[in-house]
>>> print(open('data.json').read())   # JSON, C-alpha atoms and all ligand atoms
[["chain", "number", "residue", "atom", "x", "y", "z"],
["A", 496, "MET", "CA", 6.90, -21.93, -2.38],
["A", 497, "ALA", "CA", 3.25, -20.98, -1.91],
["A", 498, "GLU", "CA", 1.60, -22.43, 1.19],
["A", 499, "ASN", "CA", -1.95, -21.22, 0.59],
["A", 500, "ARG", "CA", -1.67, -18.92, 3.57],
["A", 501, "LEU", "CA", -4.58, -16.78, 2.35],
["A", 502, "ALA", "CA", -6.71, -19.60, 0.93],
["A", 503, "GLY", "CA", -10.39, -18.73, 0.54],
["A", 504, "ARG", "CA", -9.89, -15.04, 1.29],
["A", 505, "THR", "CA", -10.51, -11.95, -0.79],
["A", 506, "ALA", "CA", -8.28, -8.87, -0.82],
["A", 507, "VAL", "CA", -8.51, -5.42, -2.33],
["A", 508, "VAL", "CA", -5.09, -3.99, -3.23],
["A", 509, "THR", "CA", -4.83, -0.38, -4.38],
["A", 510, "GLY", "CA", -2.05, 0.92, -6.61],
["A", 511, "ALA", "CA", -1.83, -2.59, -8.07],
["A", 512, "GLY", "CA", -0.73, -1.50, -11.55],
["A", 513, "SER", "CA", 2.91, -1.10, -10.57],
["A", 514, "GLY", "CA", 5.64, -1.59, -7.99],
["A", 515, "MET", "CA", 4.66, -2.82, -4.55],
["A", 516, "GLY", "CA", 0.93, -3.08, -5.35],
["A", 517, "ARG", "CA", 1.56, -5.41, -8.30],
["A", 518, "SER", "CA", 3.96, -7.49, -6.24],
["A", 519, "ILE", "CA", 1.48, -7.71, -3.32],
["A", 520, "GLY", "CA", -1.33, -8.74, -5.71],
["A", 521, "GLU", "CA", 0.83, -11.46, -7.26],
["A", 522, "LEU", "CA", 2.01, -12.85, -3.92],
["A", 523, "PHE", "CA", -1.44, -12.83, -2.31],
["A", 524, "ALA", "CA", -2.89, -14.62, -5.36],
["A", 525, "ARG", "CA", -0.14, -17.27, -5.20],
["A", 526, "GLU", "CA", -1.14, -17.78, -1.56],
["A", 527, "GLY", "CA", -4.71, -18.63, -2.57],
["A", 528, "CYS", "CA", -6.34, -15.21, -2.20],
["A", 529, "ALA", "CA", -8.82, -13.78, -4.73],
["A", 530, "VAL", "CA", -7.52, -10.30, -5.51],
["A", 531, "VAL", "CA", -9.33, -7.15, -6.58],
["A", 532, "LEU", "CA", -6.66, -4.99, -8.14],
["A", 533, "ALA", "CA", -7.35, -1.26, -8.19],
["A", 534, "ASP", "CA", -5.36, 1.49, -9.87],
["A", 535, "TYR", "CA", -6.13, 4.66, -11.75],
["A", 536, "ASN", "CA", -3.93, 3.42, -14.59],
["A", 537, "GLU", "CA", -6.33, 1.07, -16.33],
["A", 538, "LYS", "CA", -3.75, -0.43, -18.70],
["A", 539, "THR", "CA", -1.19, -1.41, -16.07],
["A", 540, "VAL", "CA", -3.75, -2.77, -13.61],
["A", 541, "GLN", "CA", -5.29, -4.92, -16.35],
["A", 542, "GLU", "CA", -1.79, -6.23, -17.05],
["A", 543, "THR", "CA", -1.38, -7.22, -13.39],
["A", 544, "ALA", "CA", -4.70, -9.07, -13.50],
["A", 545, "GLU", "CA", -3.73, -10.88, -16.71],
["A", 546, "ILE", "CA", -0.39, -12.03, -15.25],
["A", 547, "ILE", "CA", -2.16, -13.43, -12.18],
["A", 548, "LYS", "CA", -4.99, -15.09, -14.12],
["A", 549, "LYS", "CA", -2.50, -16.69, -16.54],
["A", 550, "ASN", "CA", -0.96, -18.37, -13.52],
["A", 551, "GLY", "CA", -4.35, -19.87, -12.70],
["A", 552, "HIS", "CA", -5.33, -17.58, -9.82],
["A", 553, "LYS", "CA", -8.41, -15.46, -9.15],
["A", 554, "ALA", "CA", -8.09, -11.76, -9.96],
["A", 555, "MET", "CA", -10.02, -8.82, -11.33],
["A", 556, "ALA", "CA", -8.92, -5.32, -12.22],
["A", 557, "ILE", "CA", -10.95, -2.22, -11.51],
["A", 558, "ARG", "CA", -9.95, 1.26, -12.62],
["A", 559, "THR", "CA", -10.11, 3.35, -9.46],
["A", 560, "ASP", "CA", -8.86, 6.78, -8.56],
["A", 561, "VAL", "CA", -8.60, 6.43, -4.79],
["A", 562, "SER", "CA", -9.07, 10.17, -4.35],
["A", 563, "ASP", "CA", -12.57, 9.83, -5.84],
["A", 564, "LEU", "CA", -14.83, 8.63, -3.03],
["A", 565, "LYS", "CA", -17.54, 7.18, -5.28],
["A", 566, "GLN", "CA", -14.93, 5.12, -7.14],
["A", 567, "VAL", "CA", -13.52, 3.87, -3.84],
["A", 568, "GLU", "CA", -17.00, 2.69, -2.79],
["A", 569, "LYS", "CA", -17.36, 0.84, -6.12],
["A", 570, "MET", "CA", -13.96, -0.79, -5.61],
["A", 571, "ILE", "CA", -15.04, -2.26, -2.27],
["A", 572, "ASP", "CA", -18.41, -3.32, -3.71],
["A", 573, "ALA", "CA", -16.55, -5.12, -6.55],
["A", 574, "ALA", "CA", -14.87, -7.44, -4.03],
["A", 575, "VAL", "CA", -18.14, -8.29, -2.34],
["A", 576, "ASP", "CA", -20.12, -8.67, -5.60],
["A", 577, "ASN", "CA", -17.51, -10.76, -7.42],
["A", 578, "PHE", "CA", -15.93, -12.81, -4.67],
["A", 579, "GLY", "CA", -18.60, -12.85, -1.97],
["A", 580, "GLY", "CA", -16.97, -10.75, 0.73],
["A", 581, "LEU", "CA", -13.88, -8.89, 1.82],
["A", 582, "ASP", "CA", -11.19, -10.13, 4.21],
["A", 583, "ILE", "CA", -8.15, -7.97, 3.48],
["A", 584, "LEU", "CA", -7.65, -4.37, 2.38],
["A", 585, "VAL", "CA", -4.22, -3.10, 1.35],
["A", 586, "ASN", "CA", -4.12, 0.69, 1.00],
["A", 587, "ASN", "CA", -0.98, 0.95, -1.09],
["A", 588, "ALA", "CA", -1.67, 3.57, -3.80],
["A", 589, "GLY", "CA", 0.35, 6.70, -3.25],
["A", 590, "VAL", "CA", 1.91, 9.69, -4.93],
["A", 591, "PHE", "CA", 5.14, 11.51, -4.09],
["A", 592, "ASP", "CA", 5.43, 15.28, -3.77],
["A", 593, "GLU", "CA", 8.80, 15.72, -5.49],
["A", 594, "SER", "CA", 10.25, 16.63, -2.06],
["A", 595, "LYS", "CA", 8.56, 20.07, -2.17],
["A", 596, "LEU", "CA", 9.04, 22.21, 0.92],
["A", 597, "VAL", "CA", 6.08, 24.06, 2.47],
["A", 598, "THR", "CA", 7.18, 27.29, 0.81],
["A", 599, "GLU", "CA", 7.31, 25.58, -2.60],
["A", 600, "SER", "CA", 3.91, 23.88, -2.29],
["A", 601, "ASP", "CA", 0.53, 25.20, -3.35],
["A", 602, "GLU", "CA", -3.02, 24.25, -2.44],
["A", 603, "ALA", "CA", -3.43, 21.95, -5.45],
["A", 604, "SER", "CA", -0.27, 19.94, -4.75],
["A", 605, "TRP", "CA", -1.17, 19.63, -1.04],
["A", 606, "ASP", "CA", -4.71, 18.49, -1.87],
["A", 607, "LYS", "CA", -3.52, 15.96, -4.45],
["A", 608, "VAL", "CA", -1.03, 14.28, -2.11],
["A", 609, "LEU", "CA", -3.35, 14.28, 0.90],
["A", 610, "ASP", "CA", -6.34, 13.07, -1.14],
["A", 611, "VAL", "CA", -4.50, 10.08, -2.61],
["A", 612, "ASN", "CA", -2.28, 9.14, 0.34],
["A", 613, "LEU", "CA", -4.65, 9.77, 3.26],
["A", 614, "LYS", "CA", -8.27, 10.49, 2.29],
["A", 615, "GLY", "CA", -8.36, 7.50, -0.12],
["A", 616, "PRO", "CA", -7.27, 4.98, 2.55],
["A", 617, "PHE", "CA", -9.66, 6.58, 5.07],
["A", 618, "TRP", "CA", -12.59, 6.19, 2.69],
["A", 619, "ALA", "CA", -11.63, 2.66, 1.65],
["A", 620, "CYS", "CA", -11.52, 1.65, 5.33],
["A", 621, "LYS", "CA", -14.87, 3.32, 5.97],
["A", 622, "HIS", "CA", -16.48, 1.10, 3.33],
["A", 623, "ALA", "CA", -14.45, -2.08, 3.90],
["A", 624, "ILE", "CA", -14.82, -2.31, 7.68],
["A", 625, "PRO", "CA", -18.60, -2.97, 7.75],
["A", 626, "HIS", "CA", -18.03, -6.05, 5.53],
["A", 627, "MET", "CA", -15.27, -7.26, 7.85],
["A", 628, "LEU", "CA", -17.44, -6.64, 10.92],
["A", 629, "LYS", "CA", -20.10, -8.89, 9.38],
["A", 630, "LYS", "CA", -17.52, -11.69, 9.24],
["A", 631, "GLY", "CA", -16.08, -10.83, 12.67],
["A", 632, "ARG", "CA", -12.63, -10.84, 11.09],
["A", 633, "GLY", "CA", -10.45, -8.75, 8.78],
["A", 634, "ALA", "CA", -6.99, -7.36, 8.14],
["A", 635, "ILE", "CA", -6.09, -3.89, 6.93],
["A", 636, "VAL", "CA", -2.54, -3.16, 5.80],
["A", 637, "ASN", "CA", -1.69, 0.45, 5.04],
["A", 638, "VAL", "CA", 1.44, 1.46, 3.18],
["A", 639, "SER", "CA", 3.02, 4.54, 4.69],
["A", 640, "SER", "CA", 6.75, 5.26, 4.40],
["A", 641, "ILE", "CA", 9.77, 6.04, 6.52],
["A", 642, "ALA", "CA", 8.55, 9.59, 5.72],
["A", 643, "GLY", "CA", 5.73, 8.72, 8.12],
["A", 644, "LEU", "CA", 8.30, 8.40, 10.92],
["A", 645, "ILE", "CA", 10.97, 11.01, 10.23],
["A", 646, "GLY", "CA", 11.10, 14.50, 8.72],
["A", 647, "GLY", "CA", 13.88, 14.00, 6.19],
["A", 648, "ALA", "CA", 12.55, 11.46, 3.69],
["A", 649, "GLY", "CA", 10.08, 13.47, 1.60],
["A", 650, "GLY", "CA", 8.50, 16.86, 1.08],
["A", 651, "ALA", "CA", 6.01, 18.57, 3.38],
["A", 652, "ALA", "CA", 2.74, 17.18, 2.01],
["A", 653, "TYR", "CA", 4.09, 13.65, 1.56],
["A", 654, "THR", "CA", 5.54, 13.59, 5.09],
["A", 655, "ALA", "CA", 2.30, 14.92, 6.57],
["A", 656, "SER", "CA", 0.20, 12.41, 4.64],
["A", 657, "LYS", "CA", 2.36, 9.45, 5.64],
["A", 658, "HIS", "CA", 2.47, 10.50, 9.33],
["A", 659, "GLY", "CA", -1.32, 10.86, 9.13],
["A", 660, "LEU", "CA", -1.72, 7.35, 7.77],
["A", 661, "ILE", "CA", 0.17, 5.93, 10.76],
["A", 662, "GLY", "CA", -2.12, 7.85, 13.13],
["A", 663, "LEU", "CA", -5.20, 6.62, 11.28],
["A", 664, "THR", "CA", -3.85, 3.06, 11.53],
["A", 665, "LYS", "CA", -3.43, 3.29, 15.31],
["A", 666, "GLN", "CA", -6.87, 4.84, 15.83],
["A", 667, "MET", "CA", -8.62, 2.16, 13.76],
["A", 668, "ALA", "CA", -6.61, -0.61, 15.44],
["A", 669, "VAL", "CA", -7.87, 0.55, 18.83],
["A", 670, "SER", "CA", -11.47, 0.91, 17.61],
["A", 671, "TYR", "CA", -11.89, -2.32, 15.65],
["A", 672, "GLY", "CA", -9.35, -4.74, 17.15],
["A", 673, "PRO", "CA", -11.85, -6.00, 19.72],
["A", 674, "GLN", "CA", -14.20, -6.87, 16.86],
["A", 675, "GLY", "CA", -11.65, -9.04, 15.06],
["A", 676, "ILE", "CA", -10.09, -6.52, 12.69],
["A", 677, "LYS", "CA", -6.36, -5.92, 12.89],
["A", 678, "VAL", "CA", -4.94, -2.78, 11.32],
["A", 679, "ASN", "CA", -1.22, -2.32, 10.72],
["A", 680, "VAL", "CA", 1.05, -0.23, 8.52],
["A", 681, "ILE", "CA", 4.23, -0.86, 6.54],
["A", 682, "CYS", "CA", 6.90, 1.84, 6.35],
["A", 683, "PRO", "CA", 9.11, 1.15, 3.33],
["A", 684, "GLY", "CA", 12.49, 2.80, 2.81],
["A", 685, "ALA", "CA", 13.95, 3.24, -0.67],
["A", 686, "ILE", "CA", 12.37, 0.53, -2.84],
["A", 687, "VAL", "CA", 12.81, 0.04, -6.60],
["A", 688, "THR", "CA", 9.36, 0.64, -8.16],
["A", 689, "GLY", "CA", 7.70, 3.05, -10.58],
["A", 690, "MET", "CA", 8.21, 5.75, -7.92],
["A", 691, "LEU", "CA", 11.94, 4.99, -7.72],
["A", 692, "PRO", "CA", 13.05, 3.36, -11.00],
["A", 693, "ARG", "CA", 16.21, 1.25, -10.82],
["A", 694, "GLU", "CA", 18.13, 3.52, -13.28],
["A", 695, "GLN", "CA", 17.37, 6.48, -11.01],
["A", 696, "ALA", "CA", 18.23, 4.66, -7.77],
["A", 697, "GLU", "CA", 21.54, 3.46, -9.21],
["A", 698, "ASP", "CA", 22.39, 6.65, -11.15],
["A", 699, "LEU", "CA", 25.83, 7.83, -10.02],
["A", 700, "ASP", "CA", 24.67, 11.46, -10.43],
["A", 701, "ASN", "CA", 21.61, 10.97, -8.20],
["A", 702, "PRO", "CA", 22.30, 13.03, -5.05],
["A", 703, "TYR", "CA", 20.25, 10.54, -2.97],
["A", 704, "ARG", "CA", 22.20, 7.47, -4.18],
["A", 705, "ALA", "CA", 24.82, 7.76, -1.42],
["A", 706, "LYS", "CA", 22.01, 8.01, 1.14],
["A", 707, "PHE", "CA", 20.27, 4.91, -0.26],
["A", 708, "LEU", "CA", 23.52, 2.92, -0.04],
["A", 709, "SER", "CA", 24.48, 4.24, 3.41],
["A", 710, "VAL", "CA", 21.80, 2.11, 5.13],
["A", 711, "PRO", "CA", 22.98, -1.02, 7.00],
["A", 712, "ALA", "CA", 21.69, -3.24, 4.17],
["A", 713, "ALA", "CA", 23.86, -1.18, 1.75],
["A", 714, "ARG", "CA", 21.30, -1.40, -1.08],
["A", 715, "VAL", "CA", 17.84, -0.36, -2.13],
["A", 716, "GLY", "CA", 14.93, -2.72, -1.49],
["A", 717, "GLU", "CA", 12.76, -4.68, -3.91],
["A", 718, "ALA", "CA", 8.96, -4.56, -4.22],
["A", 719, "SER", "CA", 8.79, -8.27, -3.36],
["A", 720, "GLU", "CA", 10.30, -7.51, 0.06],
["A", 721, "ILE", "CA", 7.33, -5.25, 0.81],
["A", 722, "ALA", "CA", 4.94, -7.91, -0.51],
["A", 723, "PHE", "CA", 6.27, -10.44, 2.02],
["A", 724, "ALA", "CA", 5.74, -7.93, 4.84],
["A", 725, "ALA", "CA", 2.18, -7.35, 3.61],
["A", 726, "LEU", "CA", 1.55, -11.11, 3.47],
["A", 727, "PHE", "CA", 2.68, -11.46, 7.07],
["A", 728, "LEU", "CA", 0.42, -8.62, 8.24],
["A", 729, "ALA", "CA", -2.55, -9.90, 6.21],
["A", 730, "GLY", "CA", -2.21, -13.54, 7.29],
["A", 731, "ASP", "CA", -2.90, -15.37, 10.53],
["A", 732, "GLU", "CA", 0.68, -15.40, 11.86],
["A", 733, "SER", "CA", 0.36, -11.72, 12.82],
["A", 734, "ASP", "CA", -2.96, -12.00, 14.68],
["A", 735, "PHE", "CA", -1.51, -10.59, 17.93],
["A", 736, "ILE", "CA", -0.02, -7.56, 16.13],
["A", 737, "HIS", "CA", -2.29, -4.50, 16.15],
["A", 738, "GLY", "CA", -1.62, -0.88, 15.21],
["A", 739, "GLN", "CA", 2.07, -1.45, 14.49],
["A", 740, "SER", "CA", 4.40, 0.14, 11.97],
["A", 741, "LEU", "CA", 6.54, -2.52, 10.29],
["A", 742, "VAL", "CA", 9.61, -0.71, 9.01],
["A", 743, "VAL", "CA", 11.14, -2.34, 5.90],
["A", 744, "ASP", "CA", 13.94, 0.07, 5.05],
["A", 745, "GLY", "CA", 17.28, -1.77, 5.16],
["A", 746, "GLY", "CA", 17.91, -0.02, 8.48],
["A", 747, "TRP", "CA", 17.51, 3.62, 7.34],
["A", 748, "VAL", "CA", 15.62, 5.00, 10.36],
["A", 749, "ILE", "CA", 17.71, 3.35, 13.08],
["A", 750, "GLN", "CA", 20.68, 5.47, 12.07],
["A", 751, "ALA", "CA", 21.31, 8.85, 13.69],
["A", 801, "LIG", "N1", 9.23, 3.34, -3.78],
["A", 801, "LIG", "C1", 9.62, 3.81, -2.62],
["A", 801, "LIG", "O1", 10.82, 4.02, -2.40],
["A", 801, "LIG", "C2", 8.60, 4.07, -1.53],
["A", 801, "LIG", "C3", 9.09, 4.34, -0.25],
["A", 801, "LIG", "C4", 8.19, 4.51, 0.79],
["A", 801, "LIG", "C5", 6.83, 4.43, 0.55],
["A", 801, "LIG", "N2", 6.39, 4.19, -0.71],
["A", 801, "LIG", "C6", 4.93, 4.07, -0.87],
["A", 801, "LIG", "O2", 4.64, 2.83, -1.44],
["A", 801, "LIG", "C7", 3.37, 2.87, -2.09],
["A", 801, "LIG", "C8", 3.47, 2.20, -3.45],
["A", 801, "LIG", "O3", 4.30, 2.97, -4.28],
["A", 801, "LIG", "P1", 5.37, 2.33, -5.29],
["A", 801, "LIG", "O4", 6.70, 2.70, -4.79],
["A", 801, "LIG", "O5", 5.03, 0.92, -5.56],
["A", 801, "LIG", "O6", 5.12, 3.27, -6.54],
["A", 801, "LIG", "P2", 4.55, 3.00, -8.01],
["A", 801, "LIG", "O7", 4.52, 4.36, -8.63],
["A", 801, "LIG", "O8", 5.30, 1.92, -8.68],
["A", 801, "LIG", "O9", 3.08, 2.51, -7.72],
["A", 801, "LIG", "C9", 2.06, 3.35, -7.27],
["A", 801, "LIG", "C10", 0.78, 2.96, -7.99],
["A", 801, "LIG", "O10", -0.26, 3.78, -7.45],
["A", 801, "LIG", "C11", -1.07, 4.20, -8.52],
["A", 801, "LIG", "N3", -1.78, 5.42, -8.17],
["A", 801, "LIG", "C12", -1.28, 6.67, -8.05],
["A", 801, "LIG", "N4", -2.28, 7.53, -7.77],
["A", 801, "LIG", "C13", -3.41, 6.80, -7.71],
["A", 801, "LIG", "C14", -4.77, 7.11, -7.47],
["A", 801, "LIG", "N5", -5.16, 8.38, -7.27],
["A", 801, "LIG", "N6", -5.68, 6.10, -7.44],
["A", 801, "LIG", "C15", -5.30, 4.84, -7.67],
["A", 801, "LIG", "N7", -4.04, 4.48, -7.94],
["A", 801, "LIG", "C16", -3.10, 5.46, -7.95],
["A", 801, "LIG", "C17", -0.13, 4.40, -9.69],
["A", 801, "LIG", "O11", -0.81, 4.35, -10.94],
["A", 801, "LIG", "C18", 0.83, 3.23, -9.49],
["A", 801, "LIG", "O12", 0.40, 2.09, -10.22],
["A", 801, "LIG", "C19", 2.99, 4.35, -2.12],
["A", 801, "LIG", "O13", 2.03, 4.62, -1.13],
["A", 801, "LIG", "C20", 4.29, 5.06, -1.80],
["A", 801, "LIG", "O14", 4.08, 6.31, -1.20],
["A", 801, "LIG", "C21", 7.23, 4.02, -1.75]]
>>> encode(input="data.json", output="structure tokens")
Amino acid sequence: MAENRLAGRTAVVTGAGSGMGRSIGELFAREGCAVVLADYNEKTVQETAEIIKKNGHKAMAIRTDVSDLKQVEKMIDAAVDNFGGLDILVNNAGVFDESKLVTESDEASWDKVLDVNLKGPFWACKHAIPHMLKKGRGAIVNVSSIAGLIGGAGGAAYTASKHGLIGLTKQMAVSYGPQGIKVNVICPGAIVTGMLPREQAEDLDNPYRAKFLSVPAARVGEASEIAFAALFLAGDESDFIHGQSLVVDGGWVIQA
């Protein structure tokens, strides 16, 4: 049941053409938020916007490659120009590195992962924060990973990028908290999305399947479970929470 917990607010959600980003966009819109949905896949992000608008909520799609700084600036401007301001930024877009080790990686694969997963969020924050400072209020929710906390949940570039995003979150939380902006980060475990399709997660031949099921929750997670965490961190109930990593992983990282 929607309770209009984000009524009158505007959010930018990146990676909103699929998985967690789509689910976050849909949930925020149901809670009364106008959503600017950004993704480099124009077709899928338009689909997300259509689904939300059909349900009578405010949404617009904007094709954005978050590793392109000019496009990131336009994405933030779109929120201000179309909905009159910006209250919430969710840096969710991300790419995996196919678990490549350092010795298997090259400069291009490193740059790609770091540009999308870390430079994009950095630049989006750089352009979003001045709008939030004007209002004296704002919420930034970054989407890292359990690979941002431990060494065994991704390849070298992905792990470095996701650890970096947690550090960036803490630094910004310290810098802008006193001016009304709270910055937090979600660390998902194995979640069924475009990055981890259900057939792959449940494939008996998948070497990671046993690992996914060995968590205390004994299952993989759903995108909607990340959306609820994002709603909590974007809404007023979390106003005393700053710079924290909210781990939504079925219990993966608490195990030895
Ligand atoms: N699925 C998991 O198990 C899992 C676990 C931990 C963290 N994550 C993180 O969750 C976030 C969301 O991923 P997901 O699982 O929903 O995957 P997904 O593949 O379903 O969605 C990612 C979206 O990001 C978009 N995207 C990719 N590169 C982009 C770019 N350069 N600019 C703009 N958009 C871009 C894709 O088009 C896609 O729509 C990512 O940051 C990912 O690293 C996922």
>>> closest_residue(input="data.json", among="A:Asn499, A:Thr509, A:Asn701, A:Ser670", to="ligand LIG 801 (chain A)", atoms="only C-alpha atoms and all ligand atoms")
A:Thr509
>>> residues_around(input="data.json", residues="Pro673 (chain A)", least_positions_apart="2", cutoff="12 Å", atoms="only C-alpha atoms", output="PDB file with C-alpha atoms, in the coordinates of the input")
ATOM      1  CA  LEU A 628     -17.440  -6.640  10.920  1.00  0.00           C
ATOM      2  CA  GLY A 631     -16.080 -10.830  12.670  1.00  0.00           C
ATOM      3  CA  ARG A 632     -12.630 -10.840  11.090  1.00  0.00           C
ATOM      4  CA  GLY A 633     -10.450  -8.750   8.780  1.00  0.00           C
ATOM      5  CA  MET A 667      -8.620   2.160  13.760  1.00  0.00           C
ATOM      6  CA  ALA A 668      -6.610  -0.610  15.440  1.00  0.00           C
ATOM      7  CA  VAL A 669      -7.870   0.550  18.830  1.00  0.00           C
ATOM      8  CA  SER A 670     -11.470   0.910  17.610  1.00  0.00           C
ATOM      9  CA  TYR A 671     -11.890  -2.320  15.650  1.00  0.00           C
ATOM     10  CA  GLY A 675     -11.650  -9.040  15.060  1.00  0.00           C
ATOM     11  CA  ILE A 676     -10.090  -6.520  12.690  1.00  0.00           C
ATOM     12  CA  LYS A 677      -6.360  -5.920  12.890  1.00  0.00           C
ATOM     13  CA  VAL A 678      -4.940  -2.780  11.320  1.00  0.00           C
ATOM     14  CA  ASP A 734      -2.960 -12.000  14.680  1.00  0.00           C
ATOM     15  CA  PHE A 735      -1.510 -10.590  17.930  1.00  0.00           C
ATOM     16  CA  HIS A 737      -2.290  -4.500  16.150  1.00  0.00           C
TER      17      HIS A 737
END
>>> residues_around(input="data.json", residues="Arg525 (chain A)", least_positions_apart="6", cutoff="12 Å", atoms="only C-alpha atoms", output="list in words")
Met496, Ala497, Glu498, Asn499, Arg500, Leu501, Ala502, Gly503, Arg504, Ser518, Ile519, Ile546, Ile547, Lys548, Lys549, Asn550, Gly551, His552, Lys553, Ala554, Ala722, Phe723 and Leu726 of chain A
>>> write_last_selection(input="data.json", atoms="C-alpha atoms", output="CSV table (one decimal), in the coordinates of the input")
chain,number,residue,atom,x,y,z
A,496,MET,CA,6.9,-21.9,-2.4
A,497,ALA,CA,3.2,-21.0,-1.9
A,498,GLU,CA,1.6,-22.4,1.2
A,499,ASN,CA,-2.0,-21.2,0.6
A,500,ARG,CA,-1.7,-18.9,3.6
A,501,LEU,CA,-4.6,-16.8,2.4
A,502,ALA,CA,-6.7,-19.6,0.9
A,503,GLY,CA,-10.4,-18.7,0.5
A,504,ARG,CA,-9.9,-15.0,1.3
A,518,SER,CA,4.0,-7.5,-6.2
A,519,ILE,CA,1.5,-7.7,-3.3
A,546,ILE,CA,-0.4,-12.0,-15.2
A,547,ILE,CA,-2.2,-13.4,-12.2
A,548,LYS,CA,-5.0,-15.1,-14.1
A,549,LYS,CA,-2.5,-16.7,-16.5
A,550,ASN,CA,-1.0,-18.4,-13.5
A,551,GLY,CA,-4.4,-19.9,-12.7
A,552,HIS,CA,-5.3,-17.6,-9.8
A,553,LYS,CA,-8.4,-15.5,-9.2
A,554,ALA,CA,-8.1,-11.8,-10.0
A,722,ALA,CA,4.9,-7.9,-0.5
A,723,PHE,CA,6.3,-10.4,2.0
A,726,LEU,CA,1.6,-11.1,3.5
>>> residues_around(input="data.json", residues="Gly649 (chain A)", least_positions_apart="5", cutoff="9 Å", atoms="all atoms listed in the file", output="PyMOL selection string")
chain A and resi 591-596+641-642+654
>>> residues_near_ligand(input="data.json", ligand="ligand LIG 801 (chain A)", cutoff="6 Å", atoms="all atoms listed in the file", output="NGL selection string")
:A and (510-516 or 534-536 or 559-562 or 587-590 or 611 or 638-640 or 683-691)
>>> closest_residue(input="data.json", among="A:Glu697, A:Glu545, A:Asp576, A:Asp744", to="Arg517 (chain A)", atoms="all atoms listed in the file")
A:Glu545
>>> closest_residue(input="data.json", among="A:Gln566, A:Asn679, A:Thr543, A:Ser709", to="Phe727 (chain A)", atoms="only C-alpha atoms")
A:Asn679
>>> atom_distance(input="data.json", atom1="CA of Phe617 (chain A)", atom2="CA of Ile571 (chain A)")
12.7 Å
